[in-house]
>>> print(open('target_6.txt').read())   # compact mmCIF, C-alpha atoms
# COMPACT_ATOMS: atom_id res chain seq x y z
CA MET A 173 121.08 105.27 109.89
CA GLU A 174 124.50 103.84 110.63
CA TRP A 175 126.23 103.06 113.94
CA PRO A 176 127.80 106.53 114.34
CA ASP A 177 124.25 107.97 114.17
CA THR A 178 122.98 105.85 117.08
CA ASP A 179 123.46 105.30 120.79
CA ALA A 180 124.01 101.91 122.44
CA SER A 181 120.32 101.00 122.03
CA GLY A 182 120.47 101.42 118.24
CA HIS A 183 118.31 104.56 118.50
CA TYR A 184 119.37 107.87 116.90
CA HIS A 185 121.43 110.62 118.51
CA ASN A 186 119.80 114.06 118.37
CA SER A 187 122.89 115.30 116.51
CA ALA A 188 122.10 112.89 113.64
CA VAL A 189 118.91 114.85 112.92
CA VAL A 190 120.92 118.09 112.75
CA ARG A 191 123.36 116.43 110.34
CA PHE A 192 120.53 115.14 108.10
CA VAL A 193 119.01 118.65 107.96
CA GLU A 194 122.39 120.26 107.21
CA ALA A 195 122.95 117.76 104.38
CA ALA A 196 119.53 118.68 102.93
CA GLU A 197 120.41 122.39 103.18
CA ALA A 198 123.73 121.80 101.39
CA ALA A 199 121.93 119.86 98.64
CA LEU A 200 119.35 122.65 98.21
CA VAL A 201 122.01 125.36 97.99
CA ARG A 202 124.08 123.35 95.47
CA GLU A 203 121.01 122.45 93.39
CA ARG A 204 119.97 126.13 93.23
CA GLY A 205 123.51 127.27 92.32
CA VAL A 206 123.98 129.61 95.30
CA ALA A 207 127.74 130.19 95.43
CA GLY A 208 129.30 131.56 98.62
CA TYR A 209 126.39 130.65 100.92
CA PHE A 210 128.36 128.52 103.37
CA GLY A 211 130.51 130.64 105.62
CA ALA A 212 128.12 133.57 105.09
CA ALA A 213 124.88 132.15 106.56
CA PRO A 214 125.37 131.06 110.18
CA ARG A 215 122.49 129.61 112.17
CA VAL A 216 121.14 131.93 114.85
CA ARG A 217 118.14 129.89 116.00
CA TYR A 218 117.35 126.17 115.85
CA GLU A 219 114.29 124.40 117.24
CA VAL A 220 113.25 120.79 116.85
CA ASP A 221 110.51 118.49 118.11
CA PHE A 222 111.55 114.84 118.36
CA THR A 223 108.50 112.63 117.86
CA ALA A 224 109.69 109.08 117.09
CA PRO A 225 112.94 107.13 117.18
CA LEU A 226 115.08 106.29 114.18
CA TRP A 227 116.79 102.91 114.22
CA PHE A 228 120.06 101.40 113.02
CA GLN A 229 119.90 100.64 109.26
CA GLN A 230 116.61 102.52 108.81
CA GLU A 231 116.28 104.65 105.68
CA VAL A 232 115.70 108.33 106.45
CA THR A 233 114.04 111.02 104.31
CA THR A 234 114.63 114.69 105.07
CA VAL A 235 112.26 117.35 103.73
CA LEU A 236 113.52 120.94 103.82
CA ALA A 237 111.81 124.11 102.62
CA VAL A 238 112.39 127.85 102.84
CA GLU A 239 109.62 129.18 105.06
CA ARG A 240 110.44 132.88 105.11
CA VAL A 241 113.02 135.22 103.60
CA GLY A 242 113.64 138.47 105.44
CA THR A 243 116.02 141.29 104.60
CA SER A 244 119.02 139.54 106.16
CA SER A 245 117.52 136.39 107.73
CA MET A 246 116.02 133.23 106.26
CA THR A 247 113.95 130.60 108.06
CA PHE A 248 113.80 126.98 106.94
CA ARG A 249 111.35 124.33 108.12
CA PHE A 250 112.17 120.65 108.06
CA GLU A 251 110.86 117.15 108.66
CA VAL A 252 112.93 114.02 109.16
CA TRP A 253 111.06 110.80 108.38
CA GLY A 254 112.02 107.26 109.30
CA GLU A 255 110.96 104.96 106.49
CA GLU A 256 109.25 101.62 107.12
CA ILE A 257 111.55 99.05 108.76
CA ASP A 258 111.03 95.67 110.41
CA GLY A 259 107.25 96.00 110.40
CA ARG A 260 107.35 99.53 111.82
CA PRO A 261 105.46 102.03 109.63
CA ARG A 262 106.95 105.23 108.20
CA GLN A 263 106.96 107.84 110.97
CA LEU A 264 107.81 111.47 111.43
CA ALA A 265 110.90 111.36 113.67
CA ALA A 266 111.59 115.08 114.01
CA SER A 267 110.38 118.43 112.73
CA GLY A 268 111.31 122.01 113.32
CA ARG A 269 112.75 125.18 111.90
CA TYR A 270 115.94 127.15 111.98
CA THR A 271 117.01 130.64 111.02
CA VAL A 272 120.20 131.74 109.31
CA VAL A 273 121.47 135.30 108.89
CA HIS A 274 123.46 136.69 105.98
CA VAL A 275 126.87 137.74 107.30
CA PRO A 276 129.18 138.45 104.35
CA GLN A 277 132.87 137.68 104.68
CA ARG A 278 134.25 140.96 105.98
CA ALA A 279 135.94 142.34 109.08
CA ASP A 280 132.93 143.67 111.05
CA ARG A 281 130.87 140.45 110.69
CA ALA A 282 127.57 142.36 110.80
CA SER A 283 124.46 141.06 109.06
CA ALA A 284 123.60 142.47 105.65
CA PRO A 285 120.78 142.09 103.11
CA TRP A 286 120.73 138.88 101.10
CA PRO A 287 122.12 139.12 97.58
CA ALA A 288 119.20 139.43 95.15
CA GLU A 289 120.30 136.33 93.20
CA TRP A 290 120.23 134.24 96.40
CA ILE A 291 116.68 135.39 97.17
CA THR A 292 115.60 134.50 93.63
CA ALA A 293 117.29 131.10 93.80
CA LEU A 294 116.02 130.11 97.26
CA THR A 295 112.54 131.66 97.42
CA PRO A 296 109.88 129.17 96.37
CA ALA A 297 107.62 130.18 93.51
CA PRO A 298 104.16 131.24 94.67
CA ALA A 299 101.51 128.53 94.40
CA PRO A 300 99.00 128.97 91.56
CA ARG A 301 95.69 130.50 92.55
CA ALA A 302 92.77 128.11 92.94
CA GLY A 303 91.10 127.42 89.64
CA THR A 304 94.08 128.41 87.51
CA GLY A 305 97.17 126.71 86.18
CA GLY A 306 100.67 127.87 87.02
CA ASP A 307 100.55 130.23 84.04
CA GLY A 308 97.29 131.80 85.21
CA SER A 309 95.18 129.90 82.65
CA ARG A 310 91.87 128.40 83.73
CA GLN A 311 91.71 124.64 84.25
CA PRO A 312 88.69 122.76 82.87
>>> encode(input="target_6.txt", output="structure tokens")
Amino acid sequence: MEWPDTDASGHYHNSAVVRFVEAAEAALVRERGVAGYFGAAPRVRYEVDFTAPLWFQQEVTTVLAVERVGTSSMTFRFEVWGEEIDGRPRQLAASGRYTVVHVPQRADRASAPWPAEWITALTPAPAPRAGTGGDGSRQP
């Protein structure tokens, strides 16, 4: 957290949380090699619960995950954590979810199905079933 992220009390602005989440989304999209995502996936819903303050010079960790992929929408869930600082323990500062819609660059600006390669890149792999490894083999 730096001064532009805070108000006069040294406590975060709500917009800082949005910026942290957007930075995590950008990192995810880059890491997964999804070209053309930005400019084609506007946010249509955003909800957040603020639960604890973040302070000037506090380290922040943002956790972002794809929660649901629909035909033309995708919902992410997020957590923003304030790491331990000045004797204050690590705390969940904010959590929520937001939805984006695939709107390809074209004149009518209507939503359209996600490209198959984006779904593959952004959809998390299913968790292994209990009692098996990721390859389906039994664990001792």
>>> residues_around(input="target_6.txt", residues="stretch 256-270 of chain A", least_positions_apart="5", cutoff="6 Å", atoms="all atoms listed in the file", output="ChimeraX atom specification")
/A:217-225,247-251
>>> closest_atom_pairs(input="target_6.txt", of="stretch 196-264 of chain A", to="stretch 272-294 of chain A", cutoff="10 Å", atoms="all atoms listed in the file", output="Markdown table")
| residue | atom | partner | partner_atom | distance |
| --- | --- | --- | --- | --- |
| A:Leu200 | CA | A:Leu294 | CA | 8.2 |
| A:Val201 | CA | A:Leu294 | CA | 7.7 |
| A:Glu203 | CA | A:Ala293 | CA | 9.4 |
| A:Arg204 | CA | A:Ala293 | CA | 5.7 |
| A:Gly205 | CA | A:Ala293 | CA | 7.5 |
| A:Val206 | CA | A:Trp290 | CA | 6.1 |
| A:Ala207 | CA | A:Trp290 | CA | 8.6 |
| A:Gly208 | CA | A:Pro276 | CA | 9.0 |
| A:Tyr209 | CA | A:His274 | CA | 8.4 |
| A:Phe210 | CA | A:His274 | CA | 9.9 |
| A:Gly211 | CA | A:Gln277 | CA | 7.5 |
| A:Ala212 | CA | A:Val275 | CA | 4.9 |
| A:Ala213 | CA | A:His274 | CA | 4.8 |
| A:Pro214 | CA | A:Val272 | CA | 5.3 |
| A:Arg215 | CA | A:Val272 | CA | 4.2 |
| A:Val216 | CA | A:Val272 | CA | 5.6 |
| A:Arg217 | CA | A:Val272 | CA | 7.2 |
| A:Tyr218 | CA | A:Val272 | CA | 9.1 |
| A:Ala237 | CA | A:Leu294 | CA | 9.1 |
| A:Val238 | CA | A:Leu294 | CA | 7.0 |
| A:Val241 | CA | A:Ile291 | CA | 7.4 |
| A:Gly242 | CA | A:Trp286 | CA | 8.3 |
| A:Thr243 | CA | A:Pro285 | CA | 5.1 |
| A:Ser244 | CA | A:Pro285 | CA | 4.3 |
| A:Ser245 | CA | A:Val273 | CA | 4.3 |
| A:Met246 | CA | A:Val272 | CA | 5.4 |
| A:Thr247 | CA | A:Val272 | CA | 6.5 |
| A:Phe248 | CA | A:Val272 | CA | 8.3 |
>>> atom_distance(input="target_6.txt", atom1="atom CA of A:Thr295", atom2="atom CA of A:Gly254")
27.1 Å
>>> atom_distance(input="target_6.txt", atom1="atom CA of A:Phe228", atom2="atom CA of A:Ala198")
23.8 Å
>>> atom_distance(input="target_6.txt", atom1="atom CA of A:Ser187", atom2="atom CA of A:Ala199")
18.5 Å
>>> residues_around(input="target_6.txt", residues="A:Val193", least_positions_apart="5", cutoff="8 Å", atoms="all atoms listed in the file", output="list in words")
Thr234, Leu236, Phe250 and Val252 of chain A
